[in-house]
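Working notes, structure below.
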Amino acid sequence: MIQTARGIGASSGIAIGKAFVLPSWEWDVPEKKMDPSDLAKEFERLYEGVRSSKDEIQYIKNEISEMVGKEESTIFDAHLAILEDPVFMNEIQGIIQRQYKAAEVAVKEAIDHFVTMFDLLDDDYMKERALDIKDVGNRLLKHLLGAPEITLPTDANPYILVAKELSPSQLVHLNPKNVLGIVMLMGGKTSHSAIMARALGIPLVLGLEGKLKEPIQTGEKVVVDGEQGHVLVEPSAEVLAWYKERQRVFQDEMAELCKIKSLPAVTTDGHSIHLAANISSTRELDIAVQNGAESVGLFRTEFMYMDRIYPPNEMEQFTVYRELAQTFREKTVIIRTLDIGGDKPMDYLQIPEEDNPFLGYRAIRICLDRTDVFKTQLRAILRASDYGPIKVMFPMISSMEEIVAAKRILEEAKQELREEGQAFNEDIPIGIMIEVPAAAAMADFLAEEVDFFSIGTNDLVQYTLAVDRMNEQIAHMYDPYHPAVLRLIRQTVEAAKQKGIHVGVCGEMAGDPRAVPLWVALGIDELSMSSRTIPRVKAAIRRTSCEDSKSLASQLYRCRTKAEIEGVLGFESLPPTSSFEQAEAAMKYVNSESLEQ
């Protein structure tokens with residue numbers, strides 16, 4: 001049956017082949033109780049299952065490190081940590097001890113409990129951790145039940161793997177030479193499975209639950225567009241030919257990008273733009289360096305605070321920040337202070353649930369309220385600044401009062417460290433995120449209080465247009481190239497230039513090659529983006545002329561519609577693999593073909 005659907009493109013590339021549908025890795029565990037006298041025996045069964053699972057995970061980690069590198073193999077450290085987590089294990093032991101249930105029944109109930117709890121949270125990162133718990137729990141169940149592994153095709157014919165969910169443990173057994181692409185109904189971009197698929201270079205589309213009219217069947221011809229998130233089942237000959245050409249163009253482009261990773265990001269007439277990486281953990285440092293990152297333009301510290309029962313202490317944070325500074329000793333690391341809110345619940349901070357968390361108690365507002373947590377983080381950042389060129393950045397600033405208050409707490413932290421004899425950079429640069437329209441409107445005043453701006457386009461677009469991009473009914477209205485957004489960006493850049501401070505961009509627009517002429521025309525100093533996007537943006541910079549881009553500026557500011565802006569920027573001149581608009585046009589073409597047939 002001919003079908004088309006759009007999910008989330010999580011690993012770039014075009015894959016074309018026959019589908020193999022993987023059965024779910026779950027077992028029925030019938031209710032089974034035991035005699036109270038067998039309690040010790042049942043606990044021993046549980047401990048033996050845990051030991052076997054740990055040994056197996058450690059073996060998998062060692063094997064996968066040779067395939068994707070040591071950094072990516074640390075995903076399995078998280079799996080080992082779950083088996084050692086007292087909360088998880090106490091839940092299992094409590095069910096056995098209080099209800100006299102068999103170990104496998106207790107494990108199944110604990111898995112279901114935690115997976116349900118994580119799924120209820122309104123946070124994609126936490127939802128995706130539920131798959132890790134399910135993966136570890138199912139491995140433990142396998143050993144308790146003596147069940148076999150679910151196997152993949154053993155023949156040498158390449159295939160498109162289709163699954164509801166795919167755990168890192170299952171991905172380990174994939175041969176990249178045989179797996180052309182992956183389609184998952186569940187999951188998100190930050191899941192461990194998505195991370196591993198990117199490391200293995202396998203195109204991946206996920207998030208297709210409810211978007212297919214009929215389940216994909218083993219043997220059906222499937223096209224996977226891992227960049228745009230398109231999946232096509234049994235496409236027509238014309239559509240198939242179009243995607244084969246896109247596949248060839250993509251492969252040629254990847255080969256060219258490999259050649260320029262170590263070259264500077266300089267326009268054809270000698271104008272340089274600093275390219276930095278957005279990262280969330282030290283595990284991403286190697287990937288950033290390999291892709292040509294000149295620095296870390298945004299280190300998201302909030303992930304250090306998630307998935308735990310208490311906030312990280314000063315030493316924990318200092319150790320991480322110091323590693324960042326030492327890795328980029330001759331470069332810059334911008335550390336964004338805690339950016340959490342009602343959309344990222346953390347019990348230990350007692351953040352209340354809110355109807356509209358993006359307009360509520362979050363980011364700098366929490367930090368200025370919870371000065372104990374804020375100062376602990378600032379002390380750790382300051383101490384790490386003695387090991388390399390660290391900058392500190394405050395998120396979601398909307399008023400002068402917030403900057404003054406944040407700087408006062410920073411000064412208090414400095415004074416404490418002086419009294420303790422701790423070394424730090426007395427002149428650590430201070431910056432703010434420009435992601436609220438109020439900040440952009442008064443950028444000239446704010447520029448007098450800080451050393452740099454970083455324009456967070458994701459929230460700036462959302463707040464400027466009053467559009468929640470996660471709301472499917474209005475997601476089409478989320479437009480980074482809206483004239484109002486460009487005017488606010490221009491106003492912010494001009495204010496920074498007038499005050500002589502550094503200005504960069506760290507939202508999704510920074511990683512869009514189509515926007516490069518805009519950044520060149522505005523005179524942006526730095527673009528910070530996902531590490532793997534850097535080579536493509538660098539290629540766009542190296543084929544752009546500074547003088548030609550400047551001539552576009554006056555035209556852009558007179559544009560009243562998105563279509564006019566796209567025309568001035570010449571979006572239609574870019575190749576298909578770099579143009580979201582052409583991909584959308586292709587999808588419309590594909591859909592029309594499907595309807596006709």
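For the structure tokens, the naming scheme is as follows: chains receive sequential letters (A, B, ...) according to their order of presentation, residues are indexed from 1 within each chain, and ligands are indexed from 1 in presentation order.
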As a VMD selection string, please: the residues near Arg300 (chain A) (cut-off 12 Å, only C-alpha atoms, same-chain neighbours under 4 positions excluded). chain A and resid 277 to 282 284 296 304 to 306 320 to 321 333 to 340 363 392 to 395 506
Once you have the residues from the selection above, write them out as a PDB file, in the first residue's frame, restricted to C-alpha atoms.
ATOM      1  CA  ALA A 277      29.038  23.971  19.166  1.00  0.00           C
ATOM      2  CA  ASN A 278      25.936  23.670  21.339  1.00  0.00           C
ATOM      3  CA  ILE A 279      26.479  20.752  23.722  1.00  0.00           C
ATOM      4  CA  SER A 280      24.786  19.258  26.771  1.00  0.00           C
ATOM      5  CA  SER A 281      27.507  17.014  28.212  1.00  0.00           C
ATOM      6  CA  THR A 282      31.252  16.446  28.101  1.00  0.00           C
ATOM      7  CA  GLU A 284      29.889  15.564  23.088  1.00  0.00           C
ATOM      8  CA  VAL A 296      31.596  25.836  22.840  1.00  0.00           C
ATOM      9  CA  MET A 304      23.202  17.903  34.928  1.00  0.00           C
ATOM     10  CA  TYR A 305      20.200  18.578  37.156  1.00  0.00           C
ATOM     11  CA  MET A 306      17.802  16.101  35.563  1.00  0.00           C
ATOM     12  CA  VAL A 320      32.485  19.043  34.511  1.00  0.00           C
ATOM     13  CA  TYR A 321      33.163  22.733  33.856  1.00  0.00           C
ATOM     14  CA  VAL A 333      33.434  27.976  26.530  1.00  0.00           C
ATOM     15  CA  ILE A 334      30.138  29.757  27.202  1.00  0.00           C
ATOM     16  CA  ILE A 335      28.314  28.159  30.129  1.00  0.00           C
ATOM     17  CA  ARG A 336      24.625  28.998  30.354  1.00  0.00           C
ATOM     18  CA  THR A 337      23.329  29.000  33.895  1.00  0.00           C
ATOM     19  CA  LEU A 338      20.421  26.773  34.855  1.00  0.00           C
ATOM     20  CA  ASP A 339      17.576  27.067  32.332  1.00  0.00           C
ATOM     21  CA  ILE A 340      14.695  25.030  33.722  1.00  0.00           C
ATOM     22  CA  ALA A 363      15.328  30.091  34.004  1.00  0.00           C
ATOM     23  CA  VAL A 392      29.039  32.834  31.978  1.00  0.00           C
ATOM     24  CA  MET A 393      25.653  33.509  30.354  1.00  0.00           C
ATOM     25  CA  PHE A 394      22.265  34.176  31.934  1.00  0.00           C
ATOM     26  CA  PRO A 395      19.110  32.877  30.131  1.00  0.00           C
ATOM     27  CA  CYS A 506      22.746  30.007  19.172  1.00  0.00           C
TER      28      CYS A 506
END
Give me, as a list in words, all polymer residues having an atom no more than 9 Å from Ala102 (chain A), counting only C-alpha atoms and skipping those fewer than 6 positions away in the same chain. Glu31, Lys32, Lys33, Met34, Glu42, Ile95 and Ile96 of chain A
Using DSSP on the backbone coordinates, identify all residues within region 185-305 of chain A classified as strand (DSSP E); present the result as a VMD selection string. chain A and resid 204 to 206 221 to 225 230 to 233 274 to 279 296 to 300
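If you look at CA of Gly13 (chain A) and CA of Pro158 (chain A), they are 15.6 Å away from each other.
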Give me the residues within 8 Å of region 251-265 of chain A as a list in words, counting only C-alpha atoms and dropping any in the same chain fewer than 2 places off.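 Those residues are Gly13, Gln247, Arg248, Val249, Thr267, Ser272, Ile273, His274, Leu275, Gln290, Asn291, Gly292, Pro535, Arg536, Lys538, Ala539, Ile541 and Arg542 of chain A.
Straight-line separation from CA of Gly137 (chain A) to CA of Asn313 (chain A): 29.3 Å.
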Spatial neighbours of region 180-187 of chain A, 9 Å, only C-alpha atoms, chain gap at least 5 places, as an mmCIF file with N, CA and C atoms, in the first residue's frame:
data_model
loop_
_atom_site.group_PDB
_atom_site.id
_atom_site.type_symbol
_atom_site.label_atom_id
_atom_site.label_comp_id
_atom_site.auth_asym_id
_atom_site.auth_seq_id
_atom_site.Cartn_x
_atom_site.Cartn_y
_atom_site.Cartn_z
ATOM 1 N N GLY A 7 7.697 12.210 10.173
ATOM 2 C CA GLY A 7 8.016 12.116 11.587
ATOM 3 C C GLY A 7 9.129 13.095 11.927
ATOM 4 N N GLY A 13 20.471 11.464 6.074
ATOM 5 C CA GLY A 13 20.768 10.522 5.003
ATOM 6 C C GLY A 13 19.488 10.032 4.353
ATOM 7 N N ILE A 14 19.622 9.463 3.146
ATOM 8 C CA ILE A 14 18.503 8.884 2.419
ATOM 9 C C ILE A 14 18.742 7.380 2.329
ATOM 10 N N ALA A 15 17.756 6.594 2.754
ATOM 11 C CA ALA A 15 17.865 5.136 2.669
ATOM 12 C C ALA A 15 16.700 4.599 1.854
ATOM 13 N N ILE A 16 16.986 3.639 0.979
ATOM 14 C CA ILE A 16 15.966 3.023 0.126
ATOM 15 C C ILE A 16 16.156 1.518 0.180
ATOM 16 N N GLY A 17 15.132 0.775 0.547
ATOM 17 C CA GLY A 17 15.256 -0.677 0.609
ATOM 18 C C GLY A 17 13.978 -1.333 1.087
ATOM 19 N N ASP A 124 10.511 15.954 26.934
ATOM 20 C CA ASP A 124 10.957 14.929 25.991
ATOM 21 C C ASP A 124 12.170 14.166 26.499
ATOM 22 N N LYS A 127 11.044 11.645 29.041
ATOM 23 C CA LYS A 127 10.284 10.585 28.384
ATOM 24 C C LYS A 127 11.220 9.570 27.735
ATOM 25 N N GLU A 128 12.288 10.076 27.118
ATOM 26 C CA GLU A 128 13.214 9.191 26.416
ATOM 27 C C GLU A 128 14.056 8.353 27.373
ATOM 28 N N LEU A 131 12.724 4.749 27.957
ATOM 29 C CA LEU A 131 13.164 3.651 27.095
ATOM 30 C C LEU A 131 14.402 2.976 27.666
ATOM 31 N N PRO A 158 20.704 -6.156 2.568
ATOM 32 C CA PRO A 158 20.432 -4.950 3.361
ATOM 33 C C PRO A 158 18.931 -4.695 3.486
ATOM 34 N N TYR A 159 18.522 -4.038 4.566
ATOM 35 C CA TYR A 159 17.101 -3.804 4.820
ATOM 36 C C TYR A 159 16.895 -2.495 5.579
ATOM 37 N N ILE A 160 15.647 -2.011 5.571
ATOM 38 C CA ILE A 160 15.209 -0.885 6.399
ATOM 39 C C ILE A 160 14.582 -1.487 7.652
ATOM 40 N N LEU A 161 15.133 -1.199 8.812
ATOM 41 C CA LEU A 161 14.616 -1.752 10.059
ATOM 42 C C LEU A 161 13.453 -0.903 10.556
ATOM 43 N N VAL A 162 12.320 -1.541 10.832
ATOM 44 C CA VAL A 162 11.126 -0.863 11.329
ATOM 45 C C VAL A 162 10.792 -1.422 12.710
ATOM 46 N N ALA A 163 10.607 -0.552 13.683
ATOM 47 C CA ALA A 163 10.309 -0.993 15.043
ATOM 48 C C ALA A 163 9.477 0.047 15.764
ATOM 49 N N LYS A 164 8.683 -0.407 16.736
ATOM 50 C CA LYS A 164 7.949 0.553 17.562
ATOM 51 C C LYS A 164 8.937 1.360 18.382
ATOM 52 N N GLU A 165 9.832 0.667 19.043
ATOM 53 C CA GLU A 165 10.931 1.283 19.788
ATOM 54 C C GLU A 165 12.170 0.462 19.505
ATOM 55 N N LEU A 166 13.327 1.068 19.651
ATOM 56 C CA LEU A 166 14.581 0.363 19.432
ATOM 57 C C LEU A 166 15.536 0.789 20.528
ATOM 58 N N SER A 193 19.056 5.839 21.550
ATOM 59 C CA SER A 193 19.007 5.134 20.271
ATOM 60 C C SER A 193 19.296 6.084 19.112
ATOM 61 N N ALA A 194 18.761 7.295 19.181
ATOM 62 C CA ALA A 194 19.013 8.278 18.120
ATOM 63 C C ALA A 194 20.477 8.683 18.106
ATOM 64 N N ALA A 197 22.385 5.888 16.469
ATOM 65 C CA ALA A 197 22.140 5.831 15.023
ATOM 66 C C ALA A 197 22.966 6.880 14.298
ATOM 67 N N ILE A 202 23.554 5.848 10.351
ATOM 68 C CA ILE A 202 22.369 5.205 9.776
ATOM 69 C C ILE A 202 21.217 6.210 9.741
ATOM 70 N N PRO A 203 20.632 6.495 8.565
ATOM 71 C CA PRO A 203 19.485 7.405 8.506
ATOM 72 C C PRO A 203 18.353 6.915 9.407
ATOM 73 N N LEU A 204 17.747 7.842 10.152
ATOM 74 C CA LEU A 204 16.713 7.466 11.120
ATOM 75 C C LEU A 204 15.576 8.479 11.104
ATOM 76 N N VAL A 205 14.346 7.966 11.041
ATOM 77 C CA VAL A 205 13.144 8.771 11.235
ATOM 78 C C VAL A 205 12.351 8.137 12.361
ATOM 79 N N LEU A 206 11.930 8.957 13.319
ATOM 80 C CA LEU A 206 11.150 8.423 14.438
ATOM 81 C C LEU A 206 9.928 9.301 14.698
ATOM 82 N N GLY A 207 9.124 8.911 15.688
ATOM 83 C CA GLY A 207 7.932 9.676 16.023
ATOM 84 C C GLY A 207 6.794 9.511 15.033
ATOM 85 N N LEU A 208 6.628 8.305 14.461
ATOM 86 C CA LEU A 208 5.595 8.074 13.455
ATOM 87 C C LEU A 208 4.316 7.457 14.025
ATOM 88 N N GLU A 209 4.247 7.319 15.345
ATOM 89 C CA GLU A 209 3.067 6.716 15.967
ATOM 90 C C GLU A 209 1.804 7.482 15.560
ATOM 91 N N GLY A 210 0.831 6.750 14.988
ATOM 92 C CA GLY A 210 -0.436 7.353 14.601
ATOM 93 C C GLY A 210 -0.412 8.102 13.281
ATOM 94 N N LYS A 211 0.720 8.112 12.597
ATOM 95 C CA LYS A 211 0.836 8.875 11.351
ATOM 96 C C LYS A 211 0.779 8.003 10.096
ATOM 97 N N VAL A 223 11.268 4.242 1.642
ATOM 98 C CA VAL A 223 12.245 5.324 1.524
ATOM 99 C C VAL A 223 12.285 6.051 2.864
ATOM 100 N N VAL A 224 13.492 6.251 3.400
ATOM 101 C CA VAL A 224 13.676 6.955 4.666
ATOM 102 C C VAL A 224 14.515 8.200 4.400
ATOM 103 N N ASP A 225 13.932 9.360 4.669
ATOM 104 C CA ASP A 225 14.654 10.634 4.554
ATOM 105 C C ASP A 225 14.962 11.108 5.972
ATOM 106 N N GLY A 226 16.176 10.800 6.442
ATOM 107 C CA GLY A 226 16.557 11.082 7.819
ATOM 108 C C GLY A 226 16.783 12.548 8.120
ATOM 109 N N VAL A 231 8.944 9.468 5.446
ATOM 110 C CA VAL A 231 8.958 8.022 5.210
ATOM 111 C C VAL A 231 7.925 7.724 4.140
#
Coordinates-based distance that separates CA of Phe299 (chain A) from CA of Asp479 (chain A) (Å, one decimal): 25.4 Å
Spatial neighbours of Ala405 (chain A), max dist 8 Å, only C-alpha atoms, sep filter under 4 positions, as a list of chain:residue names: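 Everything that qualifies: A:Leu368, A:Glu401, A:Ile409.
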Go ahead and dump the residues you just picked, C-alpha atoms, as a PDB file, in the first residue's frame.
ATOM      1  CA  LEU A 368      17.109  34.698  41.423  1.00  0.00           C
ATOM      2  CA  GLU A 401      16.778  44.510  37.198  1.00  0.00           C
ATOM      3  CA  ILE A 409      24.965  37.253  43.272  1.00  0.00           C
TER       4      ILE A 409
END
Return the single residue from A:Gly49, A:Pro215, A:Pro36, A:Pro86 that is closest to Ala19 (chain A), with distances computed using only C-alpha atoms. A:Pro215
Taking the DSSP assignment computed from this structure's backbone, write out as a count of residues only all residues of region 179-405 of chain A that belong to helix (DSSP H, G or I). 95
Check the smallest atom-to-atom distance from each of A:Ile397, A:Val485, A:Ile216, A:Ala293 to Cys559 (chain A) using only C-alpha atoms, then report the winner.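 Looking only at the distances to Cys559 (chain A), the closest residue turns out to be A:Val485.
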Neighbours of region 79-84 of chain A within 10 Å (only C-alpha atoms; same-chain residues fewer than 2 positions away dropped), as JSON, numbers by chain? {"A": [50, 51, 53, 54, 55, 57, 58, 74, 75, 76, 77, 86, 87, 88, 89, 132, 133, 135, 136, 137, 140, 168, 169]}
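Considering the residues A:Arg490, A:His143, A:Arg408, A:Arg362 and counting only C-alpha atoms, Ser554 (chain A) has its shortest atom-to-atom contact with A:Arg490.
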Given only C-alpha atoms as the counted atoms, nearest of A:Ser549, A:Ser454, A:Gln415, A:Thr561 to Pro517 (chain A): A:Ser549
